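Next comes final-v2.csv, with CSV, C-alpha atoms.
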chain,number,residue,atom,x,y,z
A,1,MET,CA,101.6,143.0,107.1
A,2,SER,CA,97.9,143.8,107.5
A,3,LEU,CA,95.1,141.6,106.3
A,4,PRO,CA,94.6,141.9,102.6
A,5,GLN,CA,91.8,144.0,101.3
A,6,GLY,CA,88.5,142.1,101.2
A,7,TYR,CA,89.7,139.4,103.6
A,8,CYS,CA,87.2,138.3,106.2
A,9,PRO,CA,88.9,136.9,109.3
A,10,ASP,CA,85.5,136.2,111.0
A,11,CYS,CA,84.2,133.9,108.2
A,12,ASP,CA,84.5,130.3,109.2
A,13,ASP,CA,85.3,127.7,106.6
A,14,SER,CA,82.3,125.6,105.6
A,15,GLN,CA,83.1,122.0,106.7
A,16,ASP,CA,81.9,118.8,105.1
A,17,ALA,CA,80.1,117.6,108.2
A,18,GLY,CA,76.3,117.7,107.6
A,19,ILE,CA,76.6,119.3,104.1
A,20,SER,CA,75.4,117.2,101.2
A,21,ARG,CA,77.1,117.5,97.8
A,22,ARG,CA,73.9,118.8,96.2
A,23,LYS,CA,73.4,121.4,98.9
A,24,PHE,CA,77.1,122.5,98.6
A,25,LEU,CA,76.9,122.9,94.9
A,26,ALA,CA,73.6,124.7,95.1
A,27,SER,CA,75.0,127.1,97.7
A,28,ALA,CA,78.0,127.9,96.2
A,29,GLY,CA,104.8,111.3,86.9
A,30,ALA,CA,103.9,108.6,88.1
A,31,LEU,CA,106.7,107.2,90.1
A,32,ALA,CA,108.9,104.8,88.2
A,33,VAL,CA,109.0,101.8,90.5
A,34,ALA,CA,109.8,98.3,89.3
A,35,ALA,CA,107.6,96.4,91.6
A,36,GLY,CA,109.7,94.0,93.7
A,37,ALA,CA,113.0,95.2,92.2
A,38,ALA,CA,114.3,96.9,95.3
A,39,PRO,CA,114.2,96.3,99.0
A,40,LEU,CA,112.9,99.0,101.4
A,41,THR,CA,116.4,100.1,102.2
A,42,ALA,CA,116.9,101.1,98.6
A,43,TRP,CA,114.5,104.0,99.1
A,44,ALA,CA,117.1,105.7,101.3
A,45,ASP,CA,118.8,106.7,98.1
A,46,ALA,CA,115.7,108.2,96.5
A,47,PRO,CA,116.7,111.4,94.5
A,48,ILE,CA,115.7,114.8,95.3
A,49,ALA,CA,114.5,117.2,92.6
A,50,ALA,CA,117.4,118.9,90.9
A,51,VAL,CA,116.0,122.4,91.3
A,52,ALA,CA,118.1,125.0,93.0
A,53,LYS,CA,116.3,126.5,96.0
A,54,ASP,CA,115.2,130.1,95.4
A,55,ALA,CA,116.6,130.0,91.9
A,56,ALA,CA,113.8,127.9,90.2
A,57,PRO,CA,111.9,130.9,88.7
A,58,ALA,CA,115.1,132.2,87.0
A,59,THR,CA,116.3,128.8,85.7
A,60,ALA,CA,113.2,126.8,85.0
A,61,ALA,CA,111.9,126.4,81.4
A,62,ALA,CA,108.8,128.0,80.2
A,63,GLY,CA,105.7,126.2,81.4
A,64,VAL,CA,107.2,125.1,84.7
A,65,PRO,CA,104.8,126.1,87.4
A,66,GLU,CA,107.3,128.3,89.2
A,67,THR,CA,107.9,130.3,86.0
A,68,LEU,CA,104.2,130.7,85.5
A,69,VAL,CA,103.7,131.9,89.1
A,70,LYS,CA,106.2,134.7,88.3
A,71,GLN,CA,104.3,135.5,85.2
A,72,LEU,CA,101.0,135.6,87.1
A,73,TYR,CA,102.5,137.8,89.8
A,74,ASP,CA,103.7,140.3,87.3
A,75,THR,CA,100.2,140.7,85.8
A,76,LEU,CA,98.5,141.6,89.1
A,77,SER,CA,97.1,145.0,89.6
A,78,LYS,CA,97.6,146.8,92.9
A,79,GLU,CA,94.0,145.9,93.9
A,80,GLN,CA,94.6,142.3,93.1
A,81,ALA,CA,97.9,142.2,95.0
A,82,LYS,CA,96.3,143.7,98.1
A,83,SER,CA,93.9,140.8,98.2
A,84,ILE,CA,96.0,137.8,97.3
A,85,CYS,CA,99.7,138.6,98.1
A,86,PHE,CA,101.2,138.1,101.5
A,87,ASP,CA,104.5,138.3,103.2
A,88,TRP,CA,106.3,135.0,103.4
A,89,ASP,CA,105.7,134.6,107.1
A,90,PHE,CA,102.2,136.2,107.3
A,91,GLN,CA,100.3,135.2,110.4
A,92,HIS,CA,96.5,135.0,110.1
A,93,PRO,CA,94.7,135.8,113.4
A,94,LYS,CA,92.8,132.5,113.4
A,95,ARG,CA,94.8,130.2,111.1
A,96,GLY,CA,98.3,131.0,112.2
A,97,LEU,CA,101.0,130.8,109.5
A,98,LEU,CA,98.6,131.1,106.6
A,99,ARG,CA,101.1,129.8,104.0
A,100,THR,CA,101.0,126.3,105.6
A,101,PHE,CA,97.4,126.1,106.8
A,102,VAL,CA,95.4,123.2,105.4
A,103,ALA,CA,91.7,122.3,105.7
A,104,ASN,CA,89.3,120.0,103.9
A,105,ASN,CA,87.2,122.8,102.5
A,106,TRP,CA,88.4,126.4,102.5
A,107,ASN,CA,89.3,129.4,100.3
A,108,ILE,CA,92.6,131.0,101.2
A,109,THR,CA,91.4,134.3,99.7
A,110,PRO,CA,87.9,135.4,99.0
A,111,HIS,CA,87.9,135.7,95.2
A,112,GLU,CA,87.2,132.6,93.1
A,113,VAL,CA,89.6,131.8,90.3
A,114,LYS,CA,86.7,131.9,87.8
A,115,SER,CA,85.4,135.2,89.1
A,116,GLN,CA,85.7,138.6,87.3
A,117,PHE,CA,88.3,139.6,89.8
A,118,TYR,CA,90.8,137.8,87.5
A,119,THR,CA,91.3,138.4,83.8
A,120,LYS,CA,90.8,135.5,81.4
A,121,GLU,CA,94.6,135.5,80.8
A,122,GLN,CA,95.2,135.3,84.6
A,123,GLN,CA,92.7,132.5,84.9
A,124,ALA,CA,94.5,130.6,82.1
A,125,LEU,CA,97.8,131.0,83.9
A,126,VAL,CA,96.3,129.6,87.1
A,127,ARG,CA,95.1,126.6,85.2
A,128,LYS,CA,98.5,126.1,83.7
A,129,ILE,CA,100.2,126.3,87.1
A,130,PHE,CA,97.7,123.7,88.4
A,131,GLU,CA,98.4,121.4,85.4
A,132,GLY,CA,102.1,121.7,86.0
A,133,MET,CA,101.8,120.5,89.6
A,134,ILE,CA,99.8,117.4,88.5
A,135,GLN,CA,100.9,114.5,86.3
A,136,PRO,CA,99.2,114.8,82.9
A,137,GLU,CA,97.4,111.5,83.2
A,138,TRP,CA,95.8,112.8,86.4
A,139,HIS,CA,94.4,116.0,84.9
A,140,ALA,CA,91.1,114.4,83.8
A,141,LYS,CA,90.8,112.6,87.1
A,142,ILE,CA,91.2,115.8,89.2
A,143,ASP,CA,88.9,117.7,86.8
A,144,ARG,CA,86.3,115.0,87.5
A,145,GLN,CA,86.8,115.4,91.2
A,146,LEU,CA,86.5,119.2,90.9
A,147,GLN,CA,83.3,118.9,88.8
A,148,ASP,CA,81.7,116.6,91.4
A,149,ASP,CA,82.8,118.6,94.4
A,150,ALA,CA,82.8,122.2,93.3
A,151,GLY,CA,81.3,122.6,89.9
A,152,GLY,CA,84.6,122.5,88.0
A,153,PHE,CA,88.0,124.0,88.1
A,154,GLY,CA,88.2,127.5,89.4
A,155,HIS,CA,84.8,127.4,91.1
A,156,HIS,CA,84.9,127.7,94.9
A,157,GLN,CA,88.7,127.9,94.7
A,158,GLY,CA,91.0,130.7,95.8
A,159,ILE,CA,94.7,131.4,95.4
A,160,ALA,CA,97.4,133.2,97.3
A,161,ILE,CA,101.0,134.1,96.7
A,162,PHE,CA,103.5,134.4,99.5
A,163,GLY,CA,106.8,136.2,99.2
A,164,LYS,CA,107.9,137.7,95.8
A,165,PRO,CA,108.4,135.3,92.9
A,166,GLY,CA,111.8,135.8,91.3
A,167,ASP,CA,113.2,137.5,94.4
A,168,GLY,CA,113.9,135.0,97.2
A,169,LYS,CA,111.4,132.7,98.7
A,170,PHE,CA,107.9,132.4,97.3
A,171,GLU,CA,105.0,130.0,97.3
A,172,PHE,CA,101.7,129.8,95.4
A,173,VAL,CA,98.8,128.1,97.1
A,174,LEU,CA,95.6,126.9,95.5
A,175,THR,CA,92.7,125.8,97.8
A,176,GLY,CA,89.1,124.9,97.6
A,177,ARG,CA,86.7,122.0,98.6
A,178,HIS,CA,88.8,118.8,98.7
A,179,MET,CA,92.0,120.5,97.5
A,180,THR,CA,95.1,122.3,98.9
A,181,LEU,CA,98.0,122.4,96.5
A,182,ARG,CA,101.3,124.3,96.8
A,183,CYS,CA,104.0,125.4,94.3
A,184,ASP,CA,107.1,126.7,96.0
A,185,GLY,CA,110.2,126.1,93.9
A,186,ASN,CA,111.8,124.4,96.9
A,187,SER,CA,111.6,127.7,98.9
A,188,ALA,CA,110.0,126.0,101.9
A,189,ASP,CA,112.8,124.3,103.8
A,190,HIS,CA,112.7,120.7,104.9
A,191,VAL,CA,109.2,119.9,103.7
A,192,ALA,CA,107.7,118.2,100.7
A,193,PHE,CA,104.9,119.7,98.6
A,194,GLY,CA,105.7,123.1,100.1
A,195,GLY,CA,103.9,122.1,103.3
A,196,PRO,CA,100.8,120.0,104.3
A,197,ILE,CA,98.4,119.3,101.4
A,198,PHE,CA,95.0,117.8,101.2
A,199,TYR,CA,92.9,116.0,98.6
A,200,GLY,CA,89.5,114.3,98.6
A,201,HIS,CA,86.4,113.4,96.6
A,202,ALA,CA,82.7,112.8,97.2
A,203,ALA,CA,81.9,111.2,93.8
A,204,LYS,CA,78.3,110.3,94.0
A,205,ASP,CA,77.1,111.7,97.3
A,206,PHE,CA,78.3,112.8,100.7
A,207,ASN,CA,77.9,109.3,102.1
A,208,GLU,CA,79.6,107.0,99.7
A,209,ALA,CA,78.8,103.3,99.2
A,210,ALA,CA,81.3,100.7,100.4
A,211,ASP,CA,82.9,100.4,97.0
A,212,HIS,CA,83.1,104.2,96.5
A,213,PRO,CA,81.9,104.1,92.9
A,214,GLY,CA,83.5,106.7,90.7
A,215,ASN,CA,85.9,108.0,93.4
A,216,VAL,CA,89.1,108.9,91.7
A,217,PHE,CA,91.2,108.3,94.8
A,218,TRP,CA,89.7,105.0,96.0
A,219,PRO,CA,92.2,102.9,94.0
A,220,GLN,CA,94.8,104.1,96.5
A,221,ALA,CA,92.8,102.4,99.3
A,222,GLN,CA,92.4,99.3,97.1
A,223,VAL,CA,96.1,98.9,96.8
A,224,ALA,CA,96.6,99.3,100.5
A,225,ASN,CA,93.8,96.8,101.3
A,226,LYS,CA,95.5,94.3,99.0
A,227,LEU,CA,98.5,94.4,101.4
A,228,TYR,CA,96.1,93.8,104.3
A,229,GLU,CA,94.9,90.7,102.5
A,230,MET,CA,98.5,89.5,102.3
A,231,LEU,CA,99.0,89.7,106.1
A,232,ASP,CA,98.8,86.6,108.2
A,233,GLY,CA,96.7,86.4,111.4
A,234,ARG,CA,99.5,87.8,113.7
A,235,GLN,CA,100.3,90.6,111.3
A,236,ARG,CA,96.6,91.6,111.0
A,237,LYS,CA,96.4,91.9,114.8
A,238,LEU,CA,99.3,94.4,114.6
A,239,ALA,CA,97.9,96.3,111.6
A,240,LEU,CA,94.3,96.6,112.7
A,241,VAL,CA,93.6,99.5,115.1
A,242,GLU,CA,90.2,100.1,116.8
A,243,LYS,CA,89.7,103.8,116.4
A,244,SER,CA,90.6,106.3,113.7
A,245,PRO,CA,92.6,109.4,114.6
A,246,ARG,CA,90.7,112.7,114.4
A,247,GLU,CA,90.1,114.1,110.9
A,248,ASN,CA,93.2,116.3,110.6
A,249,ALA,CA,95.6,114.6,113.0
A,250,VAL,CA,98.8,114.7,111.0
A,251,ALA,CA,101.4,116.1,113.4
A,252,PHE,CA,104.7,114.2,113.4
A,253,ALA,CA,105.3,111.5,115.9
A,254,GLY,CA,109.0,111.9,115.8
A,255,ALA,CA,111.7,109.2,116.0
A,256,SER,CA,110.7,108.1,119.5
A,257,GLY,CA,106.9,108.7,119.1
A,258,LYS,CA,104.4,105.9,119.2
A,259,ILE,CA,103.1,105.0,115.8
A,260,SER,CA,100.1,102.6,115.5
A,261,GLY,CA,99.9,99.7,113.1
A,262,ILE,CA,102.3,97.2,111.7
A,263,SER,CA,105.9,98.2,111.2
A,264,ALA,CA,107.3,97.6,107.8
A,265,LYS,CA,110.0,95.6,109.5
A,266,GLU,CA,107.4,93.0,110.4
A,267,LEU,CA,106.6,92.4,106.7
A,268,SER,CA,107.9,89.7,104.5
A,269,SER,CA,109.8,90.5,101.4
A,270,ASP,CA,106.8,90.2,99.1
A,271,GLN,CA,104.7,92.3,101.5
A,272,GLN,CA,107.5,94.9,101.6
A,273,GLU,CA,107.4,95.0,97.8
A,274,HIS,CA,103.7,95.6,97.9
A,275,LEU,CA,104.2,98.4,100.4
A,276,GLN,CA,106.4,100.1,97.8
A,277,LYS,CA,103.4,99.9,95.4
A,278,VAL,CA,101.2,101.6,98.0
A,279,LEU,CA,103.7,104.4,98.3
A,280,ALA,CA,104.0,104.7,94.6
A,281,LYS,CA,100.2,104.9,94.2
A,282,LEU,CA,100.0,107.7,96.8
A,283,ILE,CA,102.5,110.0,95.2
A,284,GLU,CA,101.4,109.1,91.6
A,285,PRO,CA,99.3,112.2,91.0
A,286,TYR,CA,102.1,114.7,91.6
A,287,ARG,CA,104.8,116.1,89.3
A,288,LYS,CA,108.1,114.3,89.5
A,289,GLY,CA,109.9,117.1,91.4
A,290,ASP,CA,107.4,116.8,94.2
A,291,GLN,CA,107.6,113.0,94.1
A,292,ASP,CA,111.3,113.1,94.4
A,293,GLU,CA,111.2,115.6,97.2
A,294,ALA,CA,108.8,113.5,99.2
A,295,LEU,CA,110.9,110.4,98.7
A,296,ALA,CA,114.0,112.4,99.8
A,297,CYS,CA,112.3,113.5,103.0
A,298,LEU,CA,111.3,109.9,103.6
A,299,ALA,CA,114.8,108.6,102.9
A,300,LYS,CA,116.3,111.1,105.4
A,301,GLN,CA,114.2,109.7,108.2
A,302,GLY,CA,115.1,106.1,107.4
A,303,GLY,CA,112.8,105.2,104.5
A,304,LEU,CA,109.9,102.9,104.5
A,305,GLU,CA,111.5,100.7,107.1
A,306,LYS,CA,110.8,103.4,109.7
A,307,CYS,CA,107.1,103.5,108.7
A,308,SER,CA,104.1,101.7,109.9
A,309,LEU,CA,100.8,100.9,108.2
A,310,ALA,CA,97.5,101.0,110.2
A,311,PHE,CA,94.0,100.0,109.2
A,312,TYR,CA,91.1,101.3,111.4
A,313,ARG,CA,88.2,99.1,112.4
A,314,ASP,CA,85.7,101.8,113.1
A,315,GLN,CA,83.9,103.6,110.2
A,316,ASP,CA,84.1,100.5,108.0
A,317,ILE,CA,81.4,101.3,105.4
A,318,GLY,CA,79.3,98.3,104.8
A,319,LYS,CA,81.1,96.3,107.5
A,320,ASP,CA,82.9,94.4,104.7
A,321,GLY,CA,86.4,94.3,106.1
A,322,VAL,CA,87.7,96.5,103.3
A,323,TRP,CA,89.1,99.3,105.5
A,324,ASP,CA,88.0,102.7,104.4
A,325,ASN,CA,90.3,104.5,106.9
A,326,TRP,CA,94.1,103.7,106.9
A,327,ARG,CA,97.4,105.5,107.4
A,328,LEU,CA,101.0,105.2,106.3
A,329,GLU,CA,103.2,106.9,108.9
A,330,GLY,CA,106.9,107.4,109.8
A,331,PRO,CA,108.7,109.8,112.1
A,332,SER,CA,108.0,112.8,109.9
A,333,PHE,CA,105.8,111.2,107.2
A,334,VAL,CA,102.0,111.1,107.5
A,335,TRP,CA,99.7,110.0,104.7
A,336,TYR,CA,96.2,109.7,106.3
A,337,PHE,CA,93.5,108.2,104.1
A,338,ARG,CA,90.0,108.6,105.4
A,339,GLY,CA,87.3,107.0,103.2
A,340,SER,CA,84.4,107.5,105.5
A,341,PRO,CA,81.9,109.0,104.8
A,342,HIS,CA,83.8,109.9,101.5
A,343,VAL,CA,87.4,110.3,100.7
A,344,HIS,CA,89.6,112.8,102.6
A,345,VAL,CA,93.4,112.5,102.5
A,346,TRP,CA,95.7,114.5,104.7
A,347,VAL,CA,99.4,114.6,103.8
A,348,ASN,CA,102.3,116.0,105.9
A,349,VAL,CA,105.9,115.1,104.9
A,350,ALA,CA,109.2,116.6,106.1
A,351,ASP,CA,112.8,115.5,106.4
A,352,ASP,CA,113.0,116.2,110.1
A,353,PRO,CA,110.3,115.5,112.8
A,354,SER,CA,111.2,118.8,114.5
A,355,VAL,CA,109.9,120.8,111.6
A,356,LYS,CA,106.7,122.6,112.6
A,357,THR,CA,103.9,122.7,110.1
A,358,ASN,CA,100.5,124.4,110.5
A,359,SER,CA,98.6,121.2,110.3

Would you put the structure from the file into structure tokens?
Amino acid sequence: MSLPQGYCPDCDDSQDAGISRRKFLASAGALAVAAGAAPLTAWADAPIAAVAKDAAPATAAAGVPETLVKQLYDTLSKEQAKSICFDWDFQHPKRGLLRTFVANNWNITPHEVKSQFYTKEQQALVRKIFEGMIQPEWHAKIDRQLQDDAGGFGHHQGIAIFGKPGDGKFEFVLTGRHMTLRCDGNSADHVAFGGPIFYGHAAKDFNEAADHPGNVFWPQAQVANKLYEMLDGRQRKLALVEKSPRENAVAFAGASGKISGISAKELSSDQQEHLQKVLAKLIEPYRKGDQDEALACLAKQGGLEKCSLAFYRDQDIGKDGVWDNWRLEGPSFVWYFRGSPHVHVWVNVADDPSVKTNS
């Protein structure tokens, strides 16, 4: 398949480095976990979403994101389809498999959701798809993030559809500054969330203060840092790592790979219980089907017992010992939280370390 009409393969994505929030704007459910009720091994039985692969659009109730993607697809004109629709395995000349590409700040296609390229009805469908991928209690939080980072939902955001909804595999992708979300109806084999995802927030400015005021995702780091406070001296030496991995380093280590930080097996029972809270907080924003799929992938690779938690000494804003950069990682599970200079979170989850993702 050729590049869609209007697509610019030579346009680089604007990156956060050196770009202030003001300059950027001017130029441009919850997991049901009874804390402490189950040991780490219990997570091996985490349920997977009961959605038949490839059949979700036909069987899902009205309002389910997969159903709405089919509705959106059916409204596209030929001109629109040429710009935003791709073959399932479309290879971009620079980004590789475009369906699974992820970055901290990019538009997968050139037309903003809020532009005149889309009708008001289509814009409303995109909004409903977005809302269906996020837990209702997180809608306002994500809207706040989008307002701070991009001027609101639909601004500096693009969409793409891979495959043909209602006829085999398909995936809807929504991207922008500090967001990459996917909706695939379980079409993408072996991976959670349809592939690697990204979220972030620069609440007040590009360089956030040590307490990250107003950052909707900072509470995730606070829960993780609470676990660090629970560690004894020996455990802290295992957990604390000198240097953060590079920004988008979320390739899978595999079963025999070296994973930095403290292994969950080194934690006491109360610390293990708190690690469950950390995981629950991480997956909290996403719809239950995606939560279940992520937990199922984690369970297949051995659960939290196979994971390690690392806190990175460098880039500690304010030098306060509240670690801005940290990472929960297993053989094919990476949740990399970078809070410096503001929050970037890279997520890559699969049920098999051999799965190749474009991350």

message: Just the number, please: distance in Å from atom CA of A:Leu279 to atom CA of A:Ala224, one decimal.
response: 9.0 Å

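The gap separating atom CA of A:Arg144 from atom CA of A:Leu72 is 25.3 Å, in Å to one decimal.
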
Per residue of stretch 83-170 of chain A within 12 Å of stretch 338-343 of chain A, which atom pair is closest and at what distance in Å (one decimal), using all atoms listed in the file, listed by chain and increasing number, as CSV?
residue,atom,partner,partner_atom,distance
A:Asn104,CA,A:Val343,CA,10.4
A:Gln145,CA,A:Val343,CA,10.8
A:Asp149,CA,A:His342,CA,11.3

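Take atom CA of A:Ala160 and atom CA of A:Glu131: the distance between them is 16.8 Å.
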
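Proximity to A:Arg99 was assessed for A:His139, A:Lys237, A:Lys169, A:Lys114 counting all atoms listed in the file; the smallest distance is recorded for A:Lys169.
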
field: Contacts of A:Ala249 at 10 Å (all atoms listed in the file; same-chain gap of 5+ positions) as a VMD selection string
entry: chain A and resid 244 334 336 346 to 348 359

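Residue nearest A:Ala264 within the list A:Asp143, A:Glu305, A:Glu242, A:Asp352: A:Glu305 [criterion: smallest interatomic distance, all atoms listed in the file].
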
Find the residues around A:Phe337 up to 8 Å (only C-alpha atoms counted), leave out those fewer than 6 positions away in its own chain, and share them as a PDB file with C-alpha atoms, in the coordinates of the input.
ATOM      1  CA  ALA A 221      92.800 102.400  99.300  1.00  0.00           C
ATOM      2  CA  ASP A 324      88.000 102.700 104.400  1.00  0.00           C
ATOM      3  CA  ASN A 325      90.300 104.500 106.900  1.00  0.00           C
ATOM      4  CA  TRP A 326      94.100 103.700 106.900  1.00  0.00           C
ATOM      5  CA  ARG A 327      97.400 105.500 107.400  1.00  0.00           C
ATOM      6  CA  VAL A 343      87.400 110.300 100.700  1.00  0.00           C
ATOM      7  CA  HIS A 344      89.600 112.800 102.600  1.00  0.00           C
ATOM      8  CA  VAL A 345      93.400 112.500 102.500  1.00  0.00           C
ATOM      9  CA  TRP A 346      95.700 114.500 104.700  1.00  0.00           C
TER      10      TRP A 346
END

Neighbour list for stretch 321-323 of chain A as a VMD selection string, cut-off 10 Å, only C-alpha atoms, skip fewer than 2 positions in-chain: chain A and resid 210 to 211 221 to 222 224 to 226 228 to 229 240 310 to 319 325 to 326 338 to 340

statement: Using only C-alpha atoms, the shortest atom-to-atom distance to A:Gly176 among A:Ala124, A:Val102, A:Leu76, A:Val223 belongs to A:Val102

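Using all atoms listed in the file, the contacts of A:Leu174 at a cut-off of 8 Å, with sequence neighbours closer than 5 positions omitted, comprise Ile108, Gln157, Gly158, Ile159, Ala160, Met179, Thr180, Leu181 and Arg182 of chain A.
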
query: Pick from A:Leu275, A:Ala296, A:Cys183, A:Cys85: nearest to A:Met230, with all atoms listed in the file counted?
result: A:Leu275
